[in-house]
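Chemist: PDB, C-alpha atoms and all ligand atoms, file start36.pdb:
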```pdb
ATOM      1  CA  MET A   1      13.278  24.471  12.989
ATOM      2  CA  PRO A   2       9.630  25.384  12.400
ATOM      3  CA  ASN A   3       7.437  22.862  10.675
ATOM      4  CA  LYS A   4       7.166  24.014   7.067
ATOM      5  CA  SER A   5       3.607  22.684   6.758
ATOM      6  CA  HIS A   6       2.367  25.408   9.161
ATOM      7  CA  PHE A   7       3.351  28.058   6.631
ATOM      8  CA  ASN A   8       2.588  26.136   3.491
ATOM      9  CA  SER A   9       0.296  28.095   1.157
ATOM     10  CA  GLY A  10      -1.125  24.863  -0.319
ATOM     11  CA  LEU A  11      -2.205  23.752   3.149
ATOM     12  CA  LYS A  12      -3.820  27.130   3.825
ATOM     13  CA  ALA A  13      -5.755  26.924   0.563
ATOM     14  CA  LEU A  14      -6.928  23.396   1.460
ATOM     15  CA  ASN A  15      -8.116  24.521   4.897
ATOM     16  CA  LYS A  16     -10.028  27.412   3.322
ATOM     17  CA  GLN A  17     -11.634  25.062   0.793
ATOM     18  CA  ASN A  18     -12.667  22.660   3.591
ATOM     19  CA  LYS A  19     -14.200  25.500   5.613
ATOM     20  CA  GLU A  20     -16.230  26.576   2.588
ATOM     21  CA  GLY A  21     -17.379  22.969   2.067
ATOM     22  CA  LYS A  22     -15.797  22.857  -1.407
ATOM     23  CA  LYS A  23     -14.500  19.625  -2.921
ATOM     24  CA  HIS A  24     -10.841  19.096  -3.775
ATOM     25  CA  SER A  25     -10.265  18.505  -7.500
ATOM     26  CA  ALA A  26      -8.899  15.025  -6.672
ATOM     27  CA  ASP A  27     -12.102  13.979  -4.816
ATOM     28  CA  ILE A  28     -13.953  10.968  -6.239
ATOM     29  CA  ASP A  29     -17.735  10.499  -6.310
ATOM     30  CA  ASN A  30     -19.047   7.555  -4.276
ATOM     31  CA  ILE A  31     -19.521   4.268  -6.128
ATOM     32  CA  ASP A  32     -22.272   1.856  -5.162
ATOM     33  CA  VAL A  33     -20.348  -1.419  -4.927
ATOM     34  CA  GLN A  34     -22.604  -4.468  -5.128
ATOM     35  CA  LYS A  35     -19.833  -7.005  -4.544
ATOM     36  CA  THR A  36     -16.070  -7.098  -4.928
ATOM     37  CA  ILE A  37     -13.976  -9.111  -7.385
ATOM     38  CA  HIS A  38     -10.626 -10.675  -6.416
ATOM     39  CA  ALA A  39      -8.559 -12.148  -9.222
ATOM     40  CA  PHE A  40      -5.528 -14.335  -8.539
ATOM     41  CA  PHE A  41      -2.880 -15.083 -11.149
ATOM     42  CA  ILE A  42      -0.160 -17.640 -10.588
ATOM     43  CA  GLU A  43       2.263 -16.094 -13.001
ATOM     44  CA  ASP A  44       5.335 -13.911 -13.341
ATOM     45  CA  ALA A  45       4.686 -10.292 -12.322
ATOM     46  CA  VAL A  46       6.069  -8.752 -15.508
ATOM     47  CA  SER A  47       4.139 -10.977 -17.894
ATOM     48  CA  ILE A  48       0.806 -10.025 -16.322
ATOM     49  CA  LEU A  49       1.680  -6.347 -15.944
ATOM     50  CA  GLU A  50       2.298  -6.080 -19.677
ATOM     51  CA  ARG A  51      -1.335  -7.146 -20.256
ATOM     52  CA  ILE A  52      -2.956  -4.773 -17.758
ATOM     53  CA  PRO A  53      -4.724  -1.892 -19.545
ATOM     54  CA  ASP A  54      -3.512   1.709 -19.293
ATOM     55  CA  ASN A  55      -5.007   3.856 -16.494
ATOM     56  CA  SER A  56      -6.903   0.909 -14.973
ATOM     57  CA  ILE A  57      -5.458   0.665 -11.456
ATOM     58  CA  GLN A  58      -6.048   2.994  -8.504
ATOM     59  CA  LEU A  59      -3.465   1.520  -6.151
ATOM     60  CA  ILE A  60      -0.416  -0.630  -6.757
ATOM     61  CA  LEU A  61       0.667  -2.008  -3.398
ATOM     62  CA  VAL A  62       3.716  -4.241  -3.619
ATOM     63  CA  ASP A  63       6.124  -5.892  -1.238
ATOM     64  CA  PRO A  64       8.739  -7.132  -3.708
ATOM     65  CA  PRO A  65      11.580  -9.548  -3.042
ATOM     66  CA  TYR A  66      14.219  -7.762  -0.934
ATOM     67  CA  ASN A  67      17.360  -9.340  -2.452
ATOM     68  CA  LEU A  68      18.337 -10.688   0.978
ATOM     69  CA  ASP A  69      18.392 -14.417   0.102
ATOM     70  CA  LEU A  70      15.436 -15.010   2.451
ATOM     71  CA  ALA A  71      13.900 -17.528   0.032
ATOM     72  CA  THR A  72      14.505 -18.958  -3.443
ATOM     73  CA  TRP A  73      12.595 -15.992  -4.901
ATOM     74  CA  ASP A  74      14.804 -13.521  -3.047
ATOM     75  CA  THR A  75      18.170 -13.826  -4.833
ATOM     76  CA  PHE A  76      19.231 -11.665  -7.785
ATOM     77  CA  ASP A  77      22.467 -11.125  -9.684
ATOM     78  CA  ASN A  78      21.262  -7.745 -10.856
ATOM     79  CA  TYR A  79      18.314  -6.578  -8.756
ATOM     80  CA  LEU A  80      17.719  -3.291 -10.528
ATOM     81  CA  GLN A  81      17.838  -4.834 -13.982
ATOM     82  CA  TRP A  82      15.049  -7.154 -12.830
ATOM     83  CA  ALA A  83      13.078  -4.470 -10.947
ATOM     84  CA  ARG A  84      13.064  -1.983 -13.813
ATOM     85  CA  GLN A  85      10.988  -4.422 -15.886
ATOM     86  CA  TRP A  86       8.026  -3.950 -13.528
ATOM     87  CA  LEU A  87       8.847  -0.380 -12.488
ATOM     88  CA  ASP A  88       8.596   0.663 -16.143
ATOM     89  CA  GLN A  89       4.930  -0.490 -16.256
ATOM     90  CA  VAL A  90       3.725   1.262 -13.077
ATOM     91  CA  TYR A  91       3.085   4.734 -14.528
ATOM     92  CA  ARG A  92       1.185   3.369 -17.513
ATOM     93  CA  VAL A  93      -1.265   1.145 -15.604
ATOM     94  CA  LEU A  94      -2.065   3.668 -12.848
ATOM     95  CA  SER A  95      -5.169   5.808 -13.247
ATOM     96  CA  PRO A  96      -4.559   9.597 -13.148
ATOM     97  CA  SER A  97      -5.572   9.613  -9.449
ATOM     98  CA  GLY A  98      -3.463   6.508  -8.853
ATOM     99  CA  ASN A  99      -0.940   5.713  -6.146
ATOM    100  CA  CYS A 100       1.870   3.203  -5.871
ATOM    101  CA  VAL A 101       3.397   1.891  -2.644
ATOM    102  CA  ILE A 102       6.601  -0.149  -2.704
ATOM    103  CA  PHE A 103       7.823  -1.774   0.508
ATOM    104  CA  GLY A 104      11.486  -2.451   1.061
ATOM    105  CA  GLY A 105      14.553  -1.657   3.084
ATOM    106  CA  PHE A 106      18.109  -0.418   2.868
ATOM    107  CA  GLN A 107      21.055  -2.778   2.757
ATOM    108  CA  TYR A 108      23.418  -1.132   5.206
ATOM    109  CA  GLN A 109      26.362  -3.499   5.109
ATOM    110  CA  ASP A 110      26.741  -3.245   1.347
ATOM    111  CA  LEU A 111      26.828  -7.007   1.017
ATOM    112  CA  LYS A 112      24.821  -6.828  -2.168
ATOM    113  CA  LYS A 113      23.607  -4.105  -4.449
ATOM    114  CA  GLY A 114      19.913  -3.597  -4.983
ATOM    115  CA  ASP A 115      17.370  -2.333  -2.478
ATOM    116  CA  LEU A 116      14.627   0.272  -2.041
ATOM    117  CA  LEU A 117      17.132   3.124  -2.379
ATOM    118  CA  GLU A 118      18.019   1.975  -5.866
ATOM    119  CA  ILE A 119      14.360   1.542  -6.744
ATOM    120  CA  LEU A 120      13.636   5.091  -5.620
ATOM    121  CA  HIS A 121      16.645   6.443  -7.476
ATOM    122  CA  TYR A 122      15.498   4.650 -10.620
ATOM    123  CA  THR A 123      11.904   5.921 -10.452
ATOM    124  CA  ARG A 124      13.116   9.458  -9.801
ATOM    125  CA  HIS A 125      15.509   9.556 -12.750
ATOM    126  CA  ASN A 126      13.831   7.274 -15.263
ATOM    127  CA  THR A 127      10.049   7.546 -14.813
ATOM    128  CA  ASP A 128       7.430  10.306 -14.465
ATOM    129  CA  LEU A 129       6.284   8.971 -11.100
ATOM    130  CA  ARG A 130       6.162  11.570  -8.304
ATOM    131  CA  PHE A 131       7.687  10.719  -4.927
ATOM    132  CA  THR A 132       5.119  11.787  -2.299
ATOM    133  CA  ASN A 133       6.163  10.225   1.029
ATOM    134  CA  LEU A 134       8.633   7.863   2.598
ATOM    135  CA  ILE A 135       6.770   5.900   5.275
ATOM    136  CA  ILE A 136       8.816   4.512   8.110
ATOM    137  CA  TRP A 137       7.307   1.362   9.577
ATOM    138  CA  TYR A 138       8.648   1.351  13.131
ATOM    139  CA  TYR A 139       8.372  -1.710  15.376
ATOM    140  CA  LYS A 140       9.642  -2.549  18.832
ATOM    141  CA  ASN A 141      10.304  -6.257  18.302
ATOM    142  CA  GLY A 142      13.446  -7.279  16.407
ATOM    143  CA  MET A 143      16.951  -8.770  16.499
ATOM    144  CA  SER A 144      19.633  -7.420  18.815
ATOM    145  CA  ALA A 145      22.971  -6.094  17.492
ATOM    146  CA  HIS A 146      26.436  -5.394  18.893
ATOM    147  CA  ARG A 147      28.338  -3.634  16.110
ATOM    148  CA  PHE A 148      25.550  -1.241  15.067
ATOM    149  CA  PHE A 149      22.234   0.097  16.361
ATOM    150  CA  ALA A 150      19.627  -2.651  16.278
ATOM    151  CA  ASN A 151      17.320  -2.105  13.323
ATOM    152  CA  ARG A 152      13.705  -1.293  14.170
ATOM    153  CA  HIS A 153      12.206  -0.022  10.951
ATOM    154  CA  GLU A 154      11.420  -0.834   7.361
ATOM    155  CA  GLU A 155      10.341   1.585   4.699
ATOM    156  CA  ALA A 156       7.722   2.038   2.023
ATOM    157  CA  VAL A 157       7.827   4.656  -0.730
ATOM    158  CA  TRP A 158       4.596   6.243  -1.915
ATOM    159  CA  LEU A 159       4.653   7.381  -5.543
ATOM    160  CA  THR A 160       1.859   9.029  -7.515
ATOM    161  CA  LYS A 161       1.128   9.381 -11.202
ATOM    162  CA  THR A 162      -0.080  12.999 -11.118
ATOM    163  CA  LYS A 163      -0.580  15.871  -8.684
ATOM    164  CA  LYS A 164      -4.276  14.930  -8.507
ATOM    165  CA  TYR A 165      -3.639  11.711  -6.609
ATOM    166  CA  TYR A 166      -6.399  10.353  -4.381
ATOM    167  CA  PHE A 167      -5.710  10.633  -0.648
ATOM    168  CA  ASP A 168      -8.294  10.093   2.100
ATOM    169  CA  LEU A 169      -6.575  11.259   5.265
ATOM    170  CA  ASP A 170      -9.783  11.161   7.313
ATOM    171  CA  SER A 171     -10.076   7.401   6.836
ATOM    172  CA  VAL A 172      -6.791   6.788   8.671
ATOM    173  CA  ARG A 173      -6.671   9.520  11.301
ATOM    174  CA  VAL A 174      -5.520   8.430  14.764
ATOM    175  CA  GLN A 175      -7.618   9.434  17.774
ATOM    176  CA  TYR A 176      -6.094  11.851  20.308
ATOM    177  CA  SER A 177      -5.939  10.821  23.964
ATOM    178  CA  PRO A 178      -8.089  13.141  26.176
ATOM    179  CA  GLU A 179      -4.947  15.007  27.380
ATOM    180  CA  GLN A 180      -3.527  15.384  23.860
ATOM    181  CA  LYS A 181      -6.907  16.600  22.661
ATOM    182  CA  LYS A 182      -7.044  19.328  25.309
ATOM    183  CA  ALA A 183      -3.550  20.527  24.355
ATOM    184  CA  ALA A 184      -4.355  20.392  20.627
ATOM    185  CA  LEU A 185      -7.505  22.481  21.096
ATOM    186  CA  ARG A 186      -5.324  25.194  22.675
ATOM    187  CA  ASP A 187      -3.026  25.251  19.606
ATOM    188  CA  LYS A 188      -4.335  28.074  17.413
ATOM    189  CA  ARG A 189      -2.647  26.638  14.312
ATOM    190  CA  LEU A 190      -4.850  23.527  14.396
ATOM    191  CA  ILE A 191      -8.463  23.364  13.219
ATOM    192  CA  PRO A 192     -10.879  22.178  15.974
ATOM    193  CA  GLU A 193     -12.934  20.156  13.481
ATOM    194  CA  ASN A 194      -9.833  18.207  12.444
ATOM    195  CA  ILE A 195      -8.851  17.643  16.071
ATOM    196  CA  ASN A 196     -12.201  15.934  16.623
ATOM    197  CA  LYS A 197     -11.621  13.745  13.574
ATOM    198  CA  GLY A 198      -8.244  12.633  14.950
ATOM    199  CA  LYS A 199      -4.651  13.366  13.993
ATOM    200  CA  ASN A 200      -2.611  12.726  10.911
ATOM    201  CA  PRO A 201      -0.800   9.411  11.552
ATOM    202  CA  THR A 202       2.407  11.042  10.180
ATOM    203  CA  ASN A 203       4.895   9.133   8.067
ATOM    204  CA  VAL A 204       6.250   7.128  11.020
ATOM    205  CA  TRP A 205       3.900   4.225  11.770
ATOM    206  CA  GLU A 206       4.373   2.176  14.912
ATOM    207  CA  ILE A 207       2.866  -1.217  14.116
ATOM    208  CA  GLY A 208       4.153  -4.486  15.631
ATOM    209  CA  ARG A 209       5.719  -7.069  13.342
ATOM    210  CA  LEU A 210       3.995 -10.443  13.203
ATOM    211  CA  ASN A 211       5.515 -12.838  15.744
ATOM    212  CA  GLY A 212       5.777 -16.524  14.917
ATOM    213  CA  ASN A 213       2.676 -17.199  17.044
ATOM    214  CA  SER A 214       0.638 -14.211  15.846
ATOM    215  CA  LYS A 215      -3.012 -15.042  15.131
ATOM    216  CA  GLU A 216      -2.672 -13.315  11.752
ATOM    217  CA  ARG A 217       0.016 -15.711  10.529
ATOM    218  CA  VAL A 218      -0.944 -17.908   7.575
ATOM    219  CA  GLY A 219       2.458 -19.506   6.926
ATOM    220  CA  HIS A 220       4.088 -17.133   4.418
ATOM    221  CA  PRO A 221       7.655 -16.319   5.550
ATOM    222  CA  THR A 222       7.431 -12.562   4.946
ATOM    223  CA  GLN A 223       3.763 -11.807   5.623
ATOM    224  CA  LYS A 224       2.899  -8.146   6.343
ATOM    225  CA  PRO A 225       0.568  -7.120   9.199
ATOM    226  CA  LEU A 226      -3.026  -6.378   8.163
ATOM    227  CA  GLU A 227      -2.935  -3.005   9.898
ATOM    228  CA  ILE A 228      -0.174  -1.562   7.741
ATOM    229  CA  ILE A 229      -1.811  -2.768   4.504
ATOM    230  CA  ARG A 230      -5.196  -1.463   5.651
ATOM    231  CA  ARG A 231      -3.816   2.035   6.212
ATOM    232  CA  PHE A 232      -2.558   2.211   2.640
ATOM    233  CA  VAL A 233      -5.691   0.648   1.121
ATOM    234  CA  ARG A 234      -8.017   2.987   2.995
ATOM    235  CA  SER A 235      -6.128   6.188   2.339
ATOM    236  CA  LEU A 236      -4.874   5.641  -1.231
ATOM    237  CA  SER A 237      -7.807   3.839  -2.858
ATOM    238  CA  TYR A 238     -11.588   4.164  -2.645
ATOM    239  CA  GLU A 239     -14.508   1.747  -2.495
ATOM    240  CA  GLY A 240     -15.050   0.101  -5.873
ATOM    241  CA  SER A 241     -11.569   0.939  -7.147
ATOM    242  CA  THR A 242      -8.989  -1.685  -8.144
ATOM    243  CA  VAL A 243      -5.874  -2.540  -6.153
ATOM    244  CA  LEU A 244      -3.030  -4.480  -7.765
ATOM    245  CA  ASP A 245      -0.406  -6.458  -5.841
ATOM    246  CA  PHE A 246       1.915  -8.344  -8.201
ATOM    247  CA  PHE A 247       4.027  -9.834  -5.378
ATOM    248  CA  ALA A 248       0.982 -11.042  -3.483
ATOM    249  CA  GLY A 249       2.680 -13.537  -1.144
ATOM    250  CA  SER A 250      -0.121 -14.731   1.123
ATOM    251  CA  GLY A 251      -2.662 -12.323  -0.381
ATOM    252  CA  THR A 252      -2.795  -9.998   2.642
ATOM    253  CA  THR A 253      -3.728  -7.183   0.256
ATOM    254  CA  ALA A 254      -6.720  -9.125  -1.125
ATOM    255  CA  ARG A 255      -7.921  -9.965   2.380
ATOM    256  CA  VAL A 256      -7.898  -6.255   3.288
ATOM    257  CA  CYS A 257      -9.549  -5.337  -0.027
ATOM    258  CA  ILE A 258     -12.458  -7.699   0.702
ATOM    259  CA  GLU A 259     -12.969  -6.016   4.069
ATOM    260  CA  GLU A 260     -12.634  -2.518   2.635
ATOM    261  CA  ASN A 261     -14.797  -3.018  -0.478
ATOM    262  CA  ARG A 262     -12.059  -2.666  -3.079
ATOM    263  CA  HIS A 263     -11.516  -5.022  -6.027
ATOM    264  CA  SER A 264      -8.114  -6.662  -6.202
ATOM    265  CA  ILE A 265      -5.750  -8.296  -8.676
ATOM    266  CA  MET A 266      -3.178 -10.542  -6.998
ATOM    267  CA  VAL A 267      -0.179 -12.031  -8.785
ATOM    268  CA  ASP A 268       2.463 -14.394  -7.440
ATOM    269  CA  SER A 269       4.707 -16.864  -9.213
ATOM    270  CA  ASP A 270       4.223 -19.374  -6.378
ATOM    271  CA  LYS A 271       0.966 -21.342  -6.367
ATOM    272  CA  LYS A 272       1.154 -21.653  -2.561
ATOM    273  CA  THR A 273      -0.345 -18.142  -2.558
ATOM    274  CA  LEU A 274      -3.773 -19.756  -2.994
ATOM    275  CA  ASP A 275      -3.333 -21.921   0.130
ATOM    276  CA  TYR A 276      -2.079 -19.013   2.203
ATOM    277  CA  PHE A 277      -5.027 -16.943   1.058
ATOM    278  CA  GLU A 278      -7.448 -19.684   2.070
ATOM    279  CA  GLU A 279      -5.938 -19.458   5.564
ATOM    280  CA  HIS A 280      -6.510 -15.691   5.575
ATOM    281  CA  ILE A 281     -10.195 -16.280   4.816
ATOM    282  CA  LYS A 282     -10.451 -18.960   7.508
ATOM    283  CA  ASN A 283      -8.831 -16.586  10.009
ATOM    284  CA  LYS A 284     -11.340 -13.880   9.296
ATOM    285  CA  GLY A 285     -14.345 -16.187   9.035
ATOM    286  CA  GLU A 286     -16.171 -15.872   5.730
ATOM    287  CA  LYS A 287     -19.429 -14.709   7.334
ATOM    288  CA  LEU A 288     -17.770 -11.647   8.811
ATOM    289  CA  PHE A 289     -17.138  -9.950   5.468
ATOM    290  CA  HIS A 290     -19.928  -7.411   5.148
ATOM    291  CA  LYS A 291     -20.341  -7.491   1.335
ATOM    292  CA  PRO A 292     -20.310 -10.474  -1.031
ATOM    293  CA  TYR A 293     -17.091 -11.133  -2.919
ATOM    294  CA  GLU A 294     -15.920 -13.402  -5.740
ATOM    295  CA  GLN A 295     -12.513 -15.041  -6.049
ATOM    296  CA  HIS A 296     -11.251 -16.050  -9.496
ATOM    297  CA  VAL A 297      -8.046 -17.889 -10.354
ATOM    298  CA  ASN A 298      -6.186 -17.430 -13.668
ATOM    299  CA  MET A 299      -9.272 -16.040 -15.425
ATOM    300  CA  GLU A 300      -8.883 -13.903 -18.595
ATOM    301  CA  LEU A 301      -7.885 -10.376 -17.530
ATOM    302  CA  GLU A 302     -10.409  -8.793 -19.864
ATOM    303  CA  ARG A 303     -13.181 -10.794 -18.192
ATOM    304  CA  ILE A 304     -11.983  -9.624 -14.752
ATOM    305  CA  PHE A 305     -12.234  -5.964 -15.770
ATOM    306  CA  ASP A 306     -15.754  -6.621 -17.129
ATOM    307  CA  LEU A 307     -16.769  -8.241 -13.826
ATOM    308  CA  ILE A 308     -15.411  -5.224 -11.927
ATOM    309  CA  LYS A 309     -17.386  -2.854 -14.142
ATOM    310  CA  ASP A 310     -20.573  -4.863 -13.573
ATOM    311  CA  ALA A 311     -20.038  -5.012  -9.804
ATOM    312  CA  ASN A 312     -19.798  -1.212  -9.688
ATOM    313  CA  ARG A 313     -22.913  -0.639 -11.796
ATOM    314  CA  LYS A 314     -25.843   0.916  -9.947
TER     315      LYS A 314
HETATM  316  C1  LIG A 401       7.879 -10.266   0.210
HETATM  317  S1  LIG A 401       6.806 -11.477  -0.381
HETATM  318  C2  LIG A 401       5.203 -10.704  -0.262
HETATM  319  C3  LIG A 401       4.516 -10.976   1.069
HETATM  320  C4  LIG A 401       3.149 -10.326   1.175
HETATM  321  N1  LIG A 401       3.256  -8.895   1.332
HETATM  322  C5  LIG A 401       2.308 -10.864   2.318
HETATM  323  O1  LIG A 401       1.852 -10.090   3.185
HETATM  324  O2  LIG A 401       2.088 -12.080   2.358
HETATM  325  C6  LIG A 401       7.197 -11.456  -2.091
HETATM  326  C7  LIG A 401       6.455 -12.465  -2.953
HETATM  327  O3  LIG A 401       6.833 -12.235  -4.320
HETATM  328  C8  LIG A 401       6.758 -13.464  -5.014
HETATM  329  N2  LIG A 401       7.572 -13.310  -6.244
HETATM  330  C9  LIG A 401       8.910 -13.279  -6.349
HETATM  331  N3  LIG A 401       9.292 -13.089  -7.635
HETATM  332  C10 LIG A 401       8.141 -12.970  -8.351
HETATM  333  C11 LIG A 401       7.858 -12.726  -9.729
HETATM  334  N4  LIG A 401       8.837 -12.562 -10.630
HETATM  335  N5  LIG A 401       6.569 -12.640 -10.105
HETATM  336  C12 LIG A 401       5.559 -12.814  -9.212
HETATM  337  N6  LIG A 401       5.774 -13.052  -7.899
HETATM  338  C13 LIG A 401       7.041 -13.130  -7.467
HETATM  339  C14 LIG A 401       7.267 -14.498  -4.033
HETATM  340  O4  LIG A 401       6.764 -15.784  -4.356
HETATM  341  C15 LIG A 401       6.743 -13.938  -2.690
HETATM  342  O5  LIG A 401       5.572 -14.603  -2.309
END
```
Taking this structure as input, can you express it in the form of structure tokens?

Modeler:
Amino acid sequence: MPNKSHFNSGLKALNKQNKEGKKHSADIDNIDVQKTIHAFFIEDAVSILERIPDNSIQLILVDPPYNLDLATWDTFDNYLQWARQWLDQVYRVLSPSGNCVIFGGFQYQDLKKGDLLEILHYTRHNTDLRFTNLIIWYYKNGMSAHRFFANRHEEAVWLTKTKKYYFDLDSVRVQYSPEQKKAALRDKRLIPENINKGKNPTNVWEIGRLNGNSKERVGHPTQKPLEIIRRFVRSLSYEGSTVLDFFAGSGTTARVCIEENRHSIMVDSDKKTLDYFEEHIKNKGEKLFHKPYEQHVNMELERIFDLIKDANRK
């Protein structure tokens, strides 16, 4: 079956626009970020979400409980009834160029009801969010199995508020090997300039899971690798914009936001988040962050948005 994108009129129009050096209507002007602000709230996700202003967030990046009984926070009688309380706020708080990424998985054995499939079904039928991509996180390390094929992937859904969502593909392109590059340059359908920039990482991402002895580990039981979070932060938000993670866990998202010059709002009902985050900072080494940053805990939300505005002022 041919790849539909090769014949897609939208893609052709984009290529033409790029050649003519014209901006896409969803492009954002550069912001001069003096420092970044990182606010932590030890609180329930829904209670804080209800107080976040409309259109104020560029990227919501969440790794919610999976309903797999992995921890005390991971058990629900009615997962969807709980999830819809925060899903119903997502559209409102996102800016018009905003994106939302929700990690999760599918519960194959039907032991319990409530997983990413139900979340996606709910957003599709009950919200105005647009489903843009399903990203498959593929890894080689995992448990073996005898009565089914051993599982080697998890998923993340990418939803947008409008058609004018922000997406910076160039920031996450993957470099071609010399042989691949030669072959790509012979393919008349591809644009040489884009080949030099690197290739689209596609929606299947091979990134290793964190082993027990991984250097990245800070002690949280379900910590995500920095690389996967970085790809979303880079491509779906821009410097000086605000990223919200209301199931922050160890604060991996905030750590990446510091490195990538984004502001962040982190929420977790467990106060251990602050200790895990301290470990993240120790791992990186404070001096290695290239711009100054401020961390605030349980500060008034209004004050946080003022600080963000000030930090972005030229
Ligand atoms: C899957 S973990 C997130 C891990 C994170 N991605 C990381 O890299 O460290 C989910 C987190 O959600 C938190 N959580 C569960 N229910 C919550 C709620 N109602 N409000 C806020 N946080 C909650 C848990 O304490 C847990 O740390």

Chemist: Evaluating the PyMOL selection byres (((not hetatm)) within 9 of (chain A and resi 401)) on the displayed file yields which residues, as a PyMOL selection string?

Modeler: chain A and resi 41-48+61-66+71-74+82+103-104+218-226+229+245-253+267-273+276-277

Chemist: Determine the residue membership of the PyMOL selection byres (((chain A and resi 157) around 9) and not hetatm) for the file above and supply it as a list in words.

Modeler: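 That expression, the PyMOL selection byres (((chain A and resi 157) around 9) and not hetatm), corresponds here to Cys100, Val101, Ile102, Phe103, Gly104, Leu116, Leu120, Phe131, Thr132, Asn133, Leu134, Ile135, Ile136, Glu155, Ala156, Trp158 and Leu159 of chain A.
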
Chemist: Would you kindly translate the PyMOL selection byres (((chain A and resi 148-154) around 7) and not hetatm) into the concrete residues it picks from this file, as a PyMOL selection string?

Modeler: chain A and resi 104-105+136-140+142-147+155

Chemist: Which value, in Å to one decimal, gives the distance between atom CA of A:Lys164 and atom CA of A:Lys188?

Modeler: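 Straight-line distance from atom CA of A:Lys164 to atom CA of A:Lys188 works out to 29.1 Å.
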
Chemist: Each side padded by 8 Å, which centre and which edge lengths in Å (one decimal) define the axis-aligned box around the listed atoms of stretch 213-223 of chain A? Give them as JSON.

Modeler:
```
{"center_x": 2.3, "center_y": -15.7, "center_z": 10.7, "size_x": 26.7, "size_y": 23.7, "size_z": 28.6}
```

Chemist: Just to confirm, what's the straight-line distance from atom CA of A:Leu70 to atom CA of A:Ala39 in Å (one decimal)?

Modeler: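 For atom CA of A:Leu70 relative to atom CA of A:Ala39, the distance reads 26.8 Å.
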
Chemist: In terms of the shortest atom-to-atom distance over only C-alpha atoms, which of A:Val204, A:Val233, A:Leu244, A:Leu68 is closest to A:Val256?

Modeler: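 Of A:Val204, A:Val233, A:Leu244, A:Leu68, the one nearest A:Val256 is A:Val233, counting only C-alpha atoms.
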
Chemist: So which one's closest to A:Arg124, A:Gln107, A:Ser171, A:Asn78, A:Thr160? Using all atoms listed in the file, please.

Modeler: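 The shortest atom-to-atom distance to A:Arg124 comes from A:Thr160.
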
Chemist: Which one of A:Leu129, A:Ala83, A:Ile308, A:Ile281 sits closest to A:His263 if you count all atoms listed in the file?

Modeler: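 Between A:Leu129, A:Ala83, A:Ile308, A:Ile281, the residue approaching A:His263 most closely is A:Ile308.
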
Chemist: Take stretch 43-55 of chain A, model N, CA and C atoms, and hand the result over as a CSV table (one decimal), in the coordinates of the input.

Modeler:
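For reference, part_31.csv as written:
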```
chain,number,residue,atom,x,y,z
A,43,GLU,N,1.6,-16.5,-11.8
A,43,GLU,CA,2.3,-16.1,-13.0
A,43,GLU,C,3.4,-15.1,-12.6
A,44,ASP,N,4.3,-14.9,-13.6
A,44,ASP,CA,5.3,-13.9,-13.3
A,44,ASP,C,4.8,-12.5,-13.4
A,45,ALA,N,5.2,-11.7,-12.5
A,45,ALA,CA,4.7,-10.3,-12.3
A,45,ALA,C,4.7,-9.5,-13.6
A,46,VAL,N,5.9,-9.6,-14.3
A,46,VAL,CA,6.1,-8.8,-15.5
A,46,VAL,C,5.1,-9.2,-16.6
A,47,SER,N,5.0,-10.5,-16.8
A,47,SER,CA,4.1,-11.0,-17.9
A,47,SER,C,2.7,-10.5,-17.7
A,48,ILE,N,2.2,-10.5,-16.5
A,48,ILE,CA,0.8,-10.0,-16.3
A,48,ILE,C,0.7,-8.5,-16.4
A,49,LEU,N,1.7,-7.8,-15.9
A,49,LEU,CA,1.7,-6.3,-15.9
A,49,LEU,C,1.6,-5.8,-17.4
A,50,GLU,N,2.3,-6.5,-18.3
A,50,GLU,CA,2.3,-6.1,-19.7
A,50,GLU,C,0.9,-6.2,-20.3
A,51,ARG,N,0.0,-7.0,-19.7
A,51,ARG,CA,-1.3,-7.1,-20.3
A,51,ARG,C,-2.4,-6.3,-19.5
A,52,ILE,N,-2.0,-5.6,-18.5
A,52,ILE,CA,-3.0,-4.8,-17.8
A,52,ILE,C,-3.2,-3.5,-18.5
A,53,PRO,N,-4.5,-3.1,-18.7
A,53,PRO,CA,-4.7,-1.9,-19.5
A,53,PRO,C,-4.2,-0.6,-18.9
A,54,ASP,N,-4.0,0.4,-19.8
A,54,ASP,CA,-3.5,1.7,-19.3
A,54,ASP,C,-4.6,2.3,-18.3
A,55,ASN,N,-4.1,3.1,-17.4
A,55,ASN,CA,-5.0,3.9,-16.5
A,55,ASN,C,-6.1,3.0,-15.8
```
